[in-house]
file start-v4.cif (mmCIF, C-alpha atoms)
data_protein
loop_
_atom_site.label_atom_id
_atom_site.label_comp_id
_atom_site.auth_asym_id
_atom_site.auth_seq_id
_atom_site.Cartn_x
_atom_site.Cartn_y
_atom_site.Cartn_z
CA MET O 1 -6.44 -24.15 9.74
CA CYS O 2 -7.17 -22.89 6.29
CA SER O 3 -10.52 -24.42 5.33
CA LEU O 4 -9.72 -24.21 1.61
CA CYS O 5 -6.43 -26.05 1.46
CA GLY O 6 -6.57 -27.93 4.75
CA ILE O 7 -3.26 -26.74 6.05
CA LEU O 8 -2.52 -25.47 9.49
CA GLY O 9 -1.59 -21.86 9.97
CA CYS O 10 -2.65 -18.98 7.80
CA ASP O 11 0.14 -17.74 5.57
CA ASP O 12 -1.74 -14.96 3.89
CA HIS O 13 1.28 -13.17 2.47
CA TRP O 14 0.51 -10.80 -0.40
CA SER O 15 2.95 -12.57 -2.74
CA SER O 16 1.08 -15.85 -2.24
CA ALA O 17 -2.42 -14.47 -1.89
CA VAL O 18 -5.40 -16.77 -1.65
CA GLU O 19 -6.83 -17.25 -5.12
CA ARG O 20 -9.96 -15.18 -5.74
CA PRO O 21 -11.36 -13.22 -8.66
CA GLY O 22 -9.13 -10.39 -9.82
CA VAL O 23 -6.25 -11.27 -7.51
CA TYR O 24 -2.96 -12.46 -8.97
CA SER O 25 -2.06 -15.70 -7.29
CA ARG O 26 0.02 -18.77 -7.85
CA ASN O 27 -2.16 -20.65 -5.42
CA ASP O 28 -4.46 -21.91 -8.15
CA SER O 29 -3.55 -25.57 -7.76
CA ARG O 30 -1.77 -27.79 -5.28
CA LEU O 31 1.13 -28.29 -7.68
CA SER O 32 1.68 -24.62 -8.46
CA ARG O 33 1.36 -23.73 -4.79
CA ARG O 34 4.05 -26.21 -3.83
CA ARG O 35 6.28 -25.24 -6.74
CA GLU O 36 6.04 -21.58 -5.81
CA ALA O 37 6.70 -22.31 -2.13
CA ALA O 38 9.83 -24.27 -3.06
CA ARG O 39 11.13 -21.47 -5.33
CA ARG O 40 10.44 -18.93 -2.60
CA LEU O 41 12.54 -20.85 -0.12
CA ALA O 42 15.32 -21.36 -2.69
CA ILE O 43 15.58 -17.63 -3.36
CA ALA O 44 15.22 -16.63 0.30
CA ASN O 45 18.03 -19.06 1.12
CA LYS O 46 20.35 -17.30 -1.32
CA VAL O 47 19.94 -14.18 0.78
CA LEU O 48 20.08 -16.01 4.11
CA HIS O 49 23.21 -17.86 3.00
CA THR O 50 25.18 -14.59 3.24
CA ARG O 51 24.90 -15.10 7.01
CA ARG O 52 25.09 -18.89 6.89
CA MET O 53 21.41 -19.19 7.69
CA LYS O 54 18.81 -21.44 6.13
CA VAL O 55 15.04 -21.64 6.07
CA GLU O 56 13.14 -24.88 5.41
CA ASP O 57 9.56 -25.84 5.01
CA PHE O 58 8.07 -27.87 7.88
CA HIS O 59 5.30 -30.20 6.64
CA ASN O 60 3.78 -27.42 4.54
CA THR O 61 2.48 -25.87 7.71
CA SER O 62 5.27 -23.64 8.96
CA TYR O 63 8.91 -22.69 8.49
CA VAL O 64 12.08 -23.62 10.36
CA LEU O 65 14.89 -21.08 10.33
CA ARG O 66 18.38 -22.14 11.37
CA GLY O 67 21.13 -19.70 12.28
CA ALA O 68 24.88 -20.02 11.77
CA THR O 69 25.34 -21.33 15.31
CA GLY O 70 22.62 -23.94 15.01
CA ALA O 71 20.00 -21.89 16.83
CA THR O 72 16.56 -22.61 15.43
CA THR O 73 13.25 -20.82 15.34
CA VAL O 74 9.87 -21.89 14.00
CA PHE O 75 7.24 -19.56 12.58
CA ASP O 76 4.09 -20.06 10.56
CA ALA O 77 3.85 -17.12 8.17
CA LEU O 78 6.16 -15.90 5.46
CA ALA O 79 5.59 -12.35 6.62
CA HIS O 80 7.62 -13.23 9.73
CA LEU O 81 10.69 -14.49 7.87
CA TRP O 82 12.79 -11.31 7.88
CA PRO O 83 11.96 -10.16 11.42
CA GLU O 84 12.78 -13.71 12.60
CA ALA O 85 16.01 -13.76 10.58
CA GLU O 86 17.01 -10.41 12.05
CA ALA O 87 16.26 -11.60 15.58
CA LEU O 88 18.23 -14.82 15.09
CA SER O 89 21.26 -13.18 13.47
CA GLY O 90 21.17 -10.15 15.76
CA LYS O 91 21.36 -7.56 12.99
CA PRO O 92 19.15 -6.09 10.29
CA PHE O 93 18.60 -7.82 6.95
CA ASP O 94 18.61 -4.73 4.76
CA PRO O 95 18.17 -5.19 1.00
CA LEU O 96 19.77 -1.76 0.55
CA ASP O 97 22.89 -2.69 2.53
CA PRO O 98 25.86 -2.30 0.13
CA ALA O 99 27.68 -5.22 1.76
CA LEU O 100 24.70 -7.55 1.28
CA LEU O 101 24.25 -6.43 -2.33
CA ALA O 102 27.96 -6.91 -3.05
CA ALA O 103 27.89 -10.40 -1.55
CA LEU O 104 24.85 -11.36 -3.63
CA GLU O 105 26.34 -9.87 -6.81
CA GLU O 106 29.54 -11.81 -6.27
CA ARG O 107 27.75 -15.12 -5.76
CA HIS O 108 24.98 -14.54 -8.34
CA PRO O 109 26.43 -12.26 -11.06
CA MET L 1 -22.63 -6.63 -5.40
CA SER L 2 -23.28 -10.05 -3.96
CA ASP L 3 -23.46 -10.48 -0.21
CA ARG L 4 -20.17 -12.33 -0.26
CA SER L 5 -18.17 -9.66 -2.06
CA PRO L 6 -15.83 -7.75 0.25
CA ILE L 7 -17.22 -4.33 1.08
CA PRO L 8 -14.92 -1.47 0.08
CA VAL L 9 -13.77 0.82 2.88
CA ASN L 10 -12.82 4.30 1.77
CA LEU L 11 -10.62 6.33 4.05
CA LEU L 12 -11.21 10.07 3.97
CA THR L 13 -8.18 11.77 5.42
CA GLY L 14 -6.56 15.19 5.25
CA PHE L 15 -4.92 17.69 7.55
CA LEU L 16 -6.84 19.61 10.22
CA GLY L 17 -9.20 22.11 8.65
CA SER L 18 -8.65 20.86 5.13
CA GLY L 19 -12.37 20.32 4.45
CA LYS L 20 -12.87 16.60 5.09
CA THR L 21 -16.30 17.00 6.63
CA THR L 22 -17.49 19.41 3.96
CA LEU L 23 -16.43 16.94 1.33
CA LEU L 24 -18.05 14.06 3.23
CA GLN L 25 -21.28 16.04 3.44
CA ARG L 26 -21.23 16.54 -0.33
CA MET L 27 -20.41 12.89 -0.92
CA LEU L 28 -23.28 11.69 1.24
CA SER L 29 -25.77 13.84 -0.66
CA ASP L 30 -24.85 12.07 -3.90
CA PRO L 31 -27.15 9.20 -4.99
CA SER L 32 -24.13 6.94 -5.62
CA MET L 33 -23.42 7.05 -1.89
CA ALA L 34 -26.93 6.12 -0.79
CA GLY L 35 -25.77 2.71 0.40
CA ALA L 36 -22.75 3.93 2.35
CA ALA L 37 -22.14 3.55 6.06
CA VAL L 38 -19.97 6.17 7.69
CA LEU L 39 -17.56 5.99 10.62
CA ILE L 40 -16.42 9.29 12.03
CA ASN L 41 -13.47 9.78 14.30
CA GLU L 42 -13.56 12.74 16.60
CA PHE L 43 -10.44 14.33 18.00
CA GLY L 44 -10.65 15.31 21.65
CA GLU L 45 -13.69 15.51 23.81
CA VAL L 46 -15.79 17.75 21.60
CA GLY L 47 -16.89 16.03 18.41
CA LEU L 48 -16.92 19.13 16.28
CA ASP L 49 -16.71 17.18 13.09
CA HIS L 50 -19.63 15.10 14.24
CA GLU L 51 -21.79 18.13 14.91
CA LEU L 52 -21.02 19.61 11.55
CA LEU L 53 -22.10 16.48 9.79
CA ASP L 54 -25.83 16.50 9.30
CA ARG L 55 -26.41 12.98 8.08
CA ILE L 56 -26.26 10.87 11.17
CA ASP L 57 -28.35 7.76 11.17
CA ASP L 58 -28.11 4.18 12.27
CA THR L 59 -25.17 3.46 10.01
CA VAL L 60 -23.08 6.29 11.41
CA MET L 61 -21.00 5.40 14.40
CA LEU L 62 -18.88 7.81 16.35
CA MET L 63 -15.58 6.42 17.48
CA LYS L 64 -15.00 7.52 21.02
CA SER L 65 -11.39 8.45 21.55
CA GLY L 66 -8.90 10.71 19.85
CA CYS L 67 -6.28 9.91 17.31
CA LEU L 68 -6.84 6.92 15.06
CA CYS L 69 -3.14 6.59 14.59
CA CYS L 70 -2.41 4.31 17.51
CA THR L 71 -5.01 4.44 20.24
CA VAL L 72 -8.11 3.84 18.17
CA ARG L 73 -6.81 1.08 16.02
CA GLY L 74 -8.75 -1.46 18.08
CA GLU L 75 -11.80 0.72 17.84
CA VAL L 76 -11.60 0.78 14.07
CA ALA L 77 -11.70 -3.00 14.15
CA ASP L 78 -14.48 -3.07 16.77
CA SER L 79 -16.54 -0.48 14.93
CA LEU L 80 -16.29 -2.29 11.60
CA SER L 81 -17.01 -5.67 13.20
CA ASP L 82 -20.01 -4.26 15.00
CA LEU L 83 -21.26 -2.59 11.84
CA PHE L 84 -20.95 -5.84 9.92
CA SER L 85 -22.70 -7.87 12.63
CA ARG L 86 -25.61 -5.45 12.72
CA ARG L 87 -25.81 -5.58 8.92
CA ALA L 88 -25.82 -9.39 9.02
CA ARG L 89 -28.59 -9.42 11.66
CA GLY L 90 -30.65 -7.05 9.52
CA GLU L 91 -30.64 -4.32 12.15
CA ILE L 92 -29.28 -1.81 9.67
CA PRO L 93 -29.56 -1.63 5.86
CA ALA L 94 -27.15 -3.76 3.85
CA PHE L 95 -24.60 -1.03 3.16
CA ASP L 96 -22.36 -1.50 0.13
CA ARG L 97 -19.53 0.80 1.18
CA VAL L 98 -17.98 2.21 4.34
CA VAL L 99 -16.38 5.63 4.57
CA ILE L 100 -14.09 6.32 7.51
CA GLU L 101 -13.32 9.96 8.19
CA SER L 102 -10.06 10.09 10.09
CA THR L 103 -8.73 12.90 12.25
CA GLY L 104 -6.50 15.50 10.68
CA LEU L 105 -3.52 14.27 12.67
CA ALA L 106 -3.86 10.60 11.74
CA ASP L 107 -1.35 8.62 9.78
CA PRO L 108 -3.55 6.66 7.34
CA PHE L 109 -1.50 3.48 7.56
CA PRO L 110 -2.85 1.93 10.80
CA VAL L 111 -6.44 2.15 9.54
CA LEU L 112 -5.54 0.43 6.29
CA SER L 113 -3.49 -2.20 8.08
CA THR L 114 -6.34 -2.87 10.51
CA ILE L 115 -8.63 -3.76 7.62
CA ARG L 116 -6.02 -5.93 5.93
CA ALA L 117 -4.60 -7.64 8.99
CA HIS L 118 -7.63 -8.28 11.17
CA PRO L 119 -8.54 -11.99 10.87
CA VAL L 120 -12.28 -11.33 10.56
CA LEU L 121 -12.39 -7.94 8.86
CA ARG L 122 -10.15 -8.98 6.00
CA SER L 123 -12.73 -11.54 4.90
CA HIS L 124 -15.56 -9.01 4.78
CA PHE L 125 -13.94 -5.71 3.89
CA THR L 126 -11.42 -4.52 1.36
CA VAL L 127 -9.42 -1.31 1.28
CA GLY L 128 -10.97 1.07 -1.25
CA GLN L 129 -9.80 4.42 -2.54
CA VAL L 130 -8.01 6.62 -0.03
CA ILE L 131 -9.15 10.22 -0.46
CA THR L 132 -6.99 12.97 0.98
CA THR L 133 -8.27 16.53 1.18
CA VAL L 134 -5.64 19.21 0.69
CA ASP L 135 -6.37 22.80 1.60
CA ALA L 136 -5.15 24.91 -1.32
CA VAL L 137 -4.56 27.93 0.91
CA ASN L 138 -2.44 26.32 3.62
CA ALA L 139 -1.05 23.21 1.99
CA GLY L 140 2.41 24.67 1.31
CA ALA L 141 3.10 25.38 4.98
CA GLN L 142 1.50 22.13 6.19
CA ILE L 143 3.55 19.97 3.84
CA LYS L 144 6.73 21.65 5.05
CA ALA L 145 5.89 21.55 8.73
CA ARG L 146 3.90 18.37 9.30
CA ASP L 147 5.00 14.85 8.60
CA GLU L 148 1.37 13.66 8.86
CA ALA L 149 0.37 15.89 5.94
CA VAL L 150 3.03 14.28 3.73
CA ARG L 151 2.00 10.78 4.81
CA GLN L 152 -1.63 11.53 4.07
CA ILE L 153 -0.73 12.82 0.59
CA GLY L 154 1.56 9.84 0.02
CA ALA L 155 -1.17 7.34 0.91
CA ALA L 156 -3.82 8.97 -1.30
CA ASP L 157 -5.41 7.44 -4.36
CA VAL L 158 -7.34 10.66 -4.83
CA ILE L 159 -6.17 14.09 -3.71
CA ALA L 160 -9.14 16.45 -3.44
CA LEU L 161 -8.06 20.10 -3.54
CA THR L 162 -10.32 22.23 -1.35
CA LYS L 163 -10.69 25.99 -0.86
CA THR L 164 -9.50 26.59 -4.40
CA ASP L 165 -11.97 29.49 -4.63
CA LEU L 166 -9.79 31.34 -2.09
CA CYS L 167 -6.64 30.98 -4.22
CA ALA L 168 -5.44 32.49 -7.46
CA PRO L 169 -5.63 29.95 -10.31
CA THR L 170 -1.85 30.14 -10.73
CA GLU L 171 -1.33 29.15 -7.09
CA THR L 172 -3.75 26.24 -7.44
CA SER L 173 -2.01 25.14 -10.58
CA ALA L 174 1.43 25.28 -8.91
CA LEU L 175 0.14 23.31 -5.91
CA ARG L 176 -1.42 20.75 -8.20
CA THR L 177 1.89 20.26 -10.00
CA ARG L 178 3.67 19.88 -6.67
CA LEU L 179 1.18 17.29 -5.44
CA GLU L 180 1.41 15.33 -8.68
CA ARG L 181 5.15 15.14 -8.15
CA LEU L 182 4.80 14.18 -4.49
CA ASN L 183 2.39 11.40 -5.34
CA PRO L 184 2.38 10.55 -9.06
CA ALA L 185 0.13 7.56 -8.40
CA ALA L 186 -2.79 9.70 -7.22
CA ARG L 187 -5.45 11.61 -9.13
CA VAL L 188 -5.44 15.27 -8.16
CA LEU L 189 -8.95 16.74 -8.43
CA ILE L 190 -10.58 20.03 -7.57
CA ALA L 191 -13.12 18.99 -4.94
CA ARG L 192 -15.90 21.43 -5.85
CA ASP L 193 -15.70 20.58 -9.57
CA THR L 194 -15.76 16.81 -9.12
CA ALA L 195 -18.77 14.57 -8.67
CA PRO L 196 -18.44 12.27 -5.64
CA GLY L 197 -19.03 9.20 -7.79
CA GLU L 198 -16.06 10.15 -9.95
CA MET L 199 -13.90 10.57 -6.88
CA LEU L 200 -14.53 6.98 -5.80
CA SER L 201 -14.16 5.37 -9.21
CA GLU L 202 -11.15 3.20 -9.78
CA ASP L 203 -9.00 4.37 -12.66
CA PRO L 204 -6.80 1.54 -13.91
CA SER L 205 -4.72 3.86 -16.07
CA ARG L 206 -3.21 5.30 -12.88
CA TRP L 207 -1.43 2.05 -12.31
CA THR L 208 0.82 2.90 -15.22
CA GLN L 209 1.52 6.46 -14.24
CA THR L 210 5.14 7.41 -13.78
CA ALA L 211 6.21 10.68 -12.25
CA PRO L 212 5.66 13.63 -14.57
CA GLU L 213 8.78 15.27 -15.90
CA PRO L 214 9.79 17.80 -13.25
CA ALA L 215 10.53 21.35 -14.33
CA LEU L 216 14.15 22.14 -13.58
CA THR L 217 13.25 25.51 -12.11
CA GLU L 218 11.10 23.94 -9.45
CA THR L 219 13.19 21.06 -8.28
CA ASP L 220 16.45 21.13 -6.44
CA ASP L 221 17.60 17.78 -7.65
CA LEU L 222 16.92 15.73 -10.68
CA ALA L 223 18.50 12.49 -11.75
CA HIS L 224 17.98 10.44 -14.85
CA ASP L 225 19.25 6.98 -15.42
CA GLY L 226 19.69 7.55 -19.10
CA LYS L 227 16.62 5.44 -19.89
CA ARG L 228 13.07 5.85 -18.79
CA GLY L 229 12.38 6.60 -15.16
CA HIS L 230 13.59 9.32 -12.89
CA HIS L 231 13.23 10.76 -9.45
CA HIS L 232 12.96 14.17 -7.92
CA HIS L 233 12.99 15.73 -4.50
CA ASP L 234 10.37 18.11 -3.28
CA LYS L 235 11.94 21.42 -2.34
CA GLY L 236 12.65 21.59 1.37
CA LEU L 237 11.59 17.97 2.03
CA GLY L 238 13.41 14.71 2.12
CA VAL L 239 10.45 13.21 0.26
CA VAL L 240 11.22 11.77 -3.13
CA SER L 241 8.89 10.40 -5.73
CA PHE L 242 10.82 7.94 -7.77
CA SER L 243 9.89 5.86 -10.81
CA LEU L 244 11.60 2.54 -11.23
CA VAL L 245 11.24 1.49 -14.85
CA ILE L 246 12.28 -2.08 -15.59
CA GLU L 247 12.88 -3.34 -19.10
CA GLU L 248 13.50 -6.98 -18.19
CA ARG L 249 10.68 -9.31 -17.20
CA ILE L 250 10.16 -9.71 -13.50
CA ASP L 251 10.48 -12.90 -11.52
CA TRP L 252 7.44 -12.80 -9.22
CA THR L 253 9.02 -14.91 -6.48
CA ALA L 254 12.20 -12.84 -6.30
CA PHE L 255 10.15 -9.64 -6.44
CA GLY L 256 8.00 -10.80 -3.52
CA ILE L 257 11.05 -11.52 -1.40
CA TRP L 258 12.70 -8.23 -2.35
CA LEU L 259 9.69 -6.01 -1.64
CA THR L 260 8.92 -7.84 1.60
CA MET L 261 12.51 -7.33 2.80
CA LEU L 262 12.49 -3.71 1.70
CA LEU L 263 9.23 -2.87 3.48
CA ASN L 264 10.21 -4.87 6.56
CA ARG L 265 13.29 -2.69 7.01
CA HIS L 266 12.20 0.62 5.47
CA GLY L 267 8.38 0.57 5.43
CA ASP L 268 8.15 3.57 7.72
CA ARG L 269 10.03 5.63 5.14
CA ILE L 270 8.26 4.30 2.06
CA PHE L 271 4.92 6.10 2.08
CA ARG L 272 3.73 4.47 -1.08
CA VAL L 273 4.69 1.96 -3.74
CA LYS L 274 2.40 1.38 -6.69
CA GLY L 275 2.79 0.14 -10.22
CA ILE L 276 2.34 -2.57 -12.82
CA LEU L 277 4.66 -5.45 -13.50
CA ASP L 278 5.51 -7.49 -16.56
CA VAL L 279 5.79 -10.82 -14.78
CA GLU L 280 7.70 -13.71 -16.34
CA GLY L 281 5.24 -16.28 -17.66
CA GLU L 282 2.22 -13.94 -17.69
CA ASP L 283 0.60 -12.21 -20.67
CA ARG L 284 -1.35 -9.75 -18.59
CA PRO L 285 0.11 -7.17 -16.21
CA VAL L 286 0.06 -7.52 -12.44
CA ALA L 287 -0.64 -4.41 -10.38
CA VAL L 288 0.89 -4.00 -6.95
CA HIS L 289 0.06 -1.39 -4.38
CA GLY L 290 1.55 -0.84 -0.95
CA VAL L 291 1.35 1.77 1.78
CA GLN L 292 4.24 1.71 4.25
CA HIS L 293 4.53 -1.85 5.64
CA LEU L 294 1.29 -2.97 4.03
CA VAL L 295 0.94 -4.49 0.54
CA HIS L 296 -2.51 -5.12 -0.86
CA PRO L 297 -3.27 -8.38 -2.69
CA PRO L 298 -1.82 -8.02 -6.21
CA VAL L 299 -4.36 -7.42 -8.96
CA HIS L 300 -4.29 -9.25 -12.29
CA LEU L 301 -5.27 -6.60 -14.84
CA SER L 302 -7.15 -7.68 -17.94
CA ARG L 303 -4.82 -5.92 -20.40
CA TRP L 304 -1.91 -3.54 -20.73
CA PRO L 305 -3.22 0.04 -20.55
CA THR L 306 -0.95 1.19 -23.39
CA ASN L 307 1.05 -0.55 -26.09
CA GLU L 308 4.19 -0.16 -24.04
CA ARG L 309 4.75 -3.38 -22.18
CA TYR L 310 7.25 -2.87 -19.42
CA SER L 311 7.21 -2.74 -15.63
CA ARG L 312 7.04 0.54 -13.79
CA LEU L 313 6.88 1.16 -10.06
CA VAL L 314 6.37 4.52 -8.40
CA PHE L 315 7.83 4.97 -4.91
CA ILE L 316 7.16 7.87 -2.59
CA LEU L 317 9.85 7.72 0.01
CA GLU L 318 11.91 9.69 2.44
CA GLY L 319 15.59 9.46 3.23
CA LEU L 320 16.38 6.53 0.93
CA ASP L 321 18.57 6.68 -2.15
CA PRO L 322 16.61 5.76 -5.30
CA GLU L 323 19.77 4.58 -7.02
CA VAL L 324 20.40 2.02 -4.27
CA ILE L 325 16.80 0.80 -4.56
CA ARG L 326 17.27 0.41 -8.31
CA ARG L 327 20.49 -1.54 -7.83
CA SER L 328 18.95 -3.68 -5.10
CA PHE L 329 15.98 -4.56 -7.30
CA HIS L 330 18.22 -5.78 -10.14
CA VAL L 331 20.43 -7.80 -7.79
CA PHE L 332 17.40 -9.58 -6.35
CA ASN L 333 15.76 -10.12 -9.73
CA ARG L 334 18.89 -12.00 -10.82
CA LEU L 335 18.64 -14.36 -7.84
CA SER L 336 15.91 -16.23 -9.67
CA ASN L 337 18.28 -17.33 -12.44
CA SER L 338 19.37 -20.50 -10.74
CA ALA L 339 16.41 -20.96 -8.46
CA GLN L 340 14.51 -23.44 -10.55
CA VAL L 341 13.28 -26.10 -8.17
CA GLU L 342 11.46 -29.22 -9.13
CA ALA L 343 8.09 -29.47 -7.45
#

call {"tool": "encode", "arguments": {"input": "start-v4.cif", "output": "structure tokens"}}
result
Amino acid sequence: MCSLCGILGCDDHWSSAVERPGVYSRNDSRLSRRREAARRLAIANKVLHTRRMKVEDFHNTSYVLRGATGATTVFDALAHLWPEAEALSGKPFDPLDPALLAALEERHP
Amino acid sequence: MSDRSPIPVNLLTGFLGSGKTTLLQRMLSDPSMAGAAVLINEFGEVGLDHELLDRIDDTVMLMKSGCLCCTVRGEVADSLSDLFSRRARGEIPAFDRVVIESTGLADPFPVLSTIRAHPVLRSHFTVGQVITTVDAVNAGAQIKARDEAVRQIGAADVIALTKTDLCAPTETSALRTRLERLNPAARVLIARDTAPGEMLSEDPSRWTQTAPEPALTETDDLAHDGKRGHHHHDKGLGVVSFSLVIEERIDWTAFGIWLTMLLNRHGDRIFRVKGILDVEGEDRPVAVHGVQHLVHPPVHLSRWPTNERYSRLVFILEGLDPEVIRRSFHVFNRLSNSAQVEA
């Protein structure tokens, strides 16, 4: 459990770093932390949607990832999202993949 | 420094015989390093480096087995934990810095990731400047032949050129230019002309550095995007230093997802990513810095280093097409457009 925010797990991802002097963080208040977490899931889901997958927050403590077939996996750190998504879908999630980029450009021009 | 501030850990790396220990000896004789603890890694059974180093006291610990790269990763963690415990118990002086001298064959990444990822160490230590020694006489051949040498140069914040007294000034100058192109984010210094304190000082202006304009006669490929930013290949290597210059403001959330995905899939081929970002909703720039799969906590800089306010990222990578990275970045940055979510 994180002793500062009282949540289980320890999602110390660099993009949501624990607030401390000099470090850029959007974890400076409960509201901004939750707003940022919601935006992160919304954007990640745009990418996951290309394979009919979806990630959801589970009680602010972990994440639930659902595959196209209904298979589900639970993990507790954002750093694990893409390895978990690759394992569940059975193929790499490559941001340089021309097919993925084309699909995203078509849906989000 | 207060007791609670994370203690910087400087990694001193460089290819075999490139003068790491000589440089370490010089550094330790400098008053600014009086409070430093040192961890030395020996390669093989005979600790030659250890014997050459004449300052060995209670805060020097010899790591027992060979290559840091994979087998000693646990020992790096154990050594640092032990050092910190002894400091906390008052058995050794309260050191304010740790220097780890790695073996010449080590990839710097596992040491850095150990400090960042270890659940205890990350609270007490922070990754400081990575110093890579480069032997001016043999560097050309080593860079061509050894992947480790390129990784060490790519991970460096400071490149210390050694043995420059054995080279013609023109050769040193050409090597310096080559290194600045291989790693535009690093400071390239002549080791014997540089005070150790200067070598360890953070230089915020480097965050803004983009790759210097390559001379056409020395590069075999050069591509411009018509605006600012370019990339070039080092002759005979698949290593590219590539500047991504972004005019539009950056969505932090989309950027985080993009870079995380990119490093998850291609971190072993991205030796370095470093730069400053003009983040949407922020007046001050945000500096990011990653080595392979590892990204350090982003730093909120106090001001823009120059009047030019735009984002620039320098990548040092191998076997990836910079144009695809550029396209990928812009595609992901647009994903934020309709991602407004009510909290």

call {"tool": "resolve_selection", "arguments": {"input": "start-v4.cif", "expression": "the PyMOL selection byres ((chain L) within 7 of (chain O))", "output": "list in words"}}
result
Thr253, Ala254, Gly256, Ile257, Met261, Leu262, Arg265, Val286, Val295, His296, Pro297, Pro298, Val299, His300, Val324, Ile325, Ser328, Val331, Leu335, Ser336, Ala339, Gln340, Val341, Glu342 and Ala343 of chain L

call {"tool": "atom_distance", "arguments": {"input": "start-v4.cif", "atom1": "CA of Ser102 (chain L)", "atom2": "CA of Leu11 (chain L)"}}
result
7.1 Å

call {"tool": "resolve_selection", "arguments": {"input": "start-v4.cif", "expression": "the PyMOL selection byres ((chain L and resi 174) around 12)", "output": "list in words"}}
result
Ala136, Val137, Ala139, Gly140, Thr164, Cys167, Ala168, Pro169, Thr170, Glu171, Thr172, Ser173, Leu175, Arg176, Thr177, Arg178, Leu179, Glu180, Arg181, Ala215 and Glu218 of chain L

call {"tool": "resolve_selection", "arguments": {"input": "start-v4.cif", "expression": "the PyMOL selection byres ((chain L and resi 84) around 12)", "output": "PyMOL selection string"}}
result
chain L and resi 3+6-7+37+59+77-83+85-98+120-125

call {"tool": "residues_around", "arguments": {"input": "start-v4.cif", "residues": "Leu313 (chain L)", "least_positions_apart": "6", "cutoff": "7 Å", "atoms": "only C-alpha atoms", "output": "PyMOL selection string"}}
result
chain L and resi 243-245+273-276

call {"tool": "atom_distance", "arguments": {"input": "start-v4.cif", "atom1": "CA of Gly17 (chain L)", "atom2": "CA of Ala195 (chain L)"}}
result
21.2 Å

call {"tool": "atom_distance", "arguments": {"input": "start-v4.cif", "atom1": "CA of Arg151 (chain L)", "atom2": "CA of Arg312 (chain L)"}}
result
21.8 Å

call {"tool": "residues_around", "arguments": {"input": "start-v4.cif", "residues": "Tyr310 (chain L)", "least_positions_apart": "5", "cutoff": "9 Å", "atoms": "all atoms listed in the file", "output": "list in words"}}
result
Val245, Ile246, Glu247, Glu248, Arg249, Ile276, Leu277, Asp278 and Pro285 of chain L
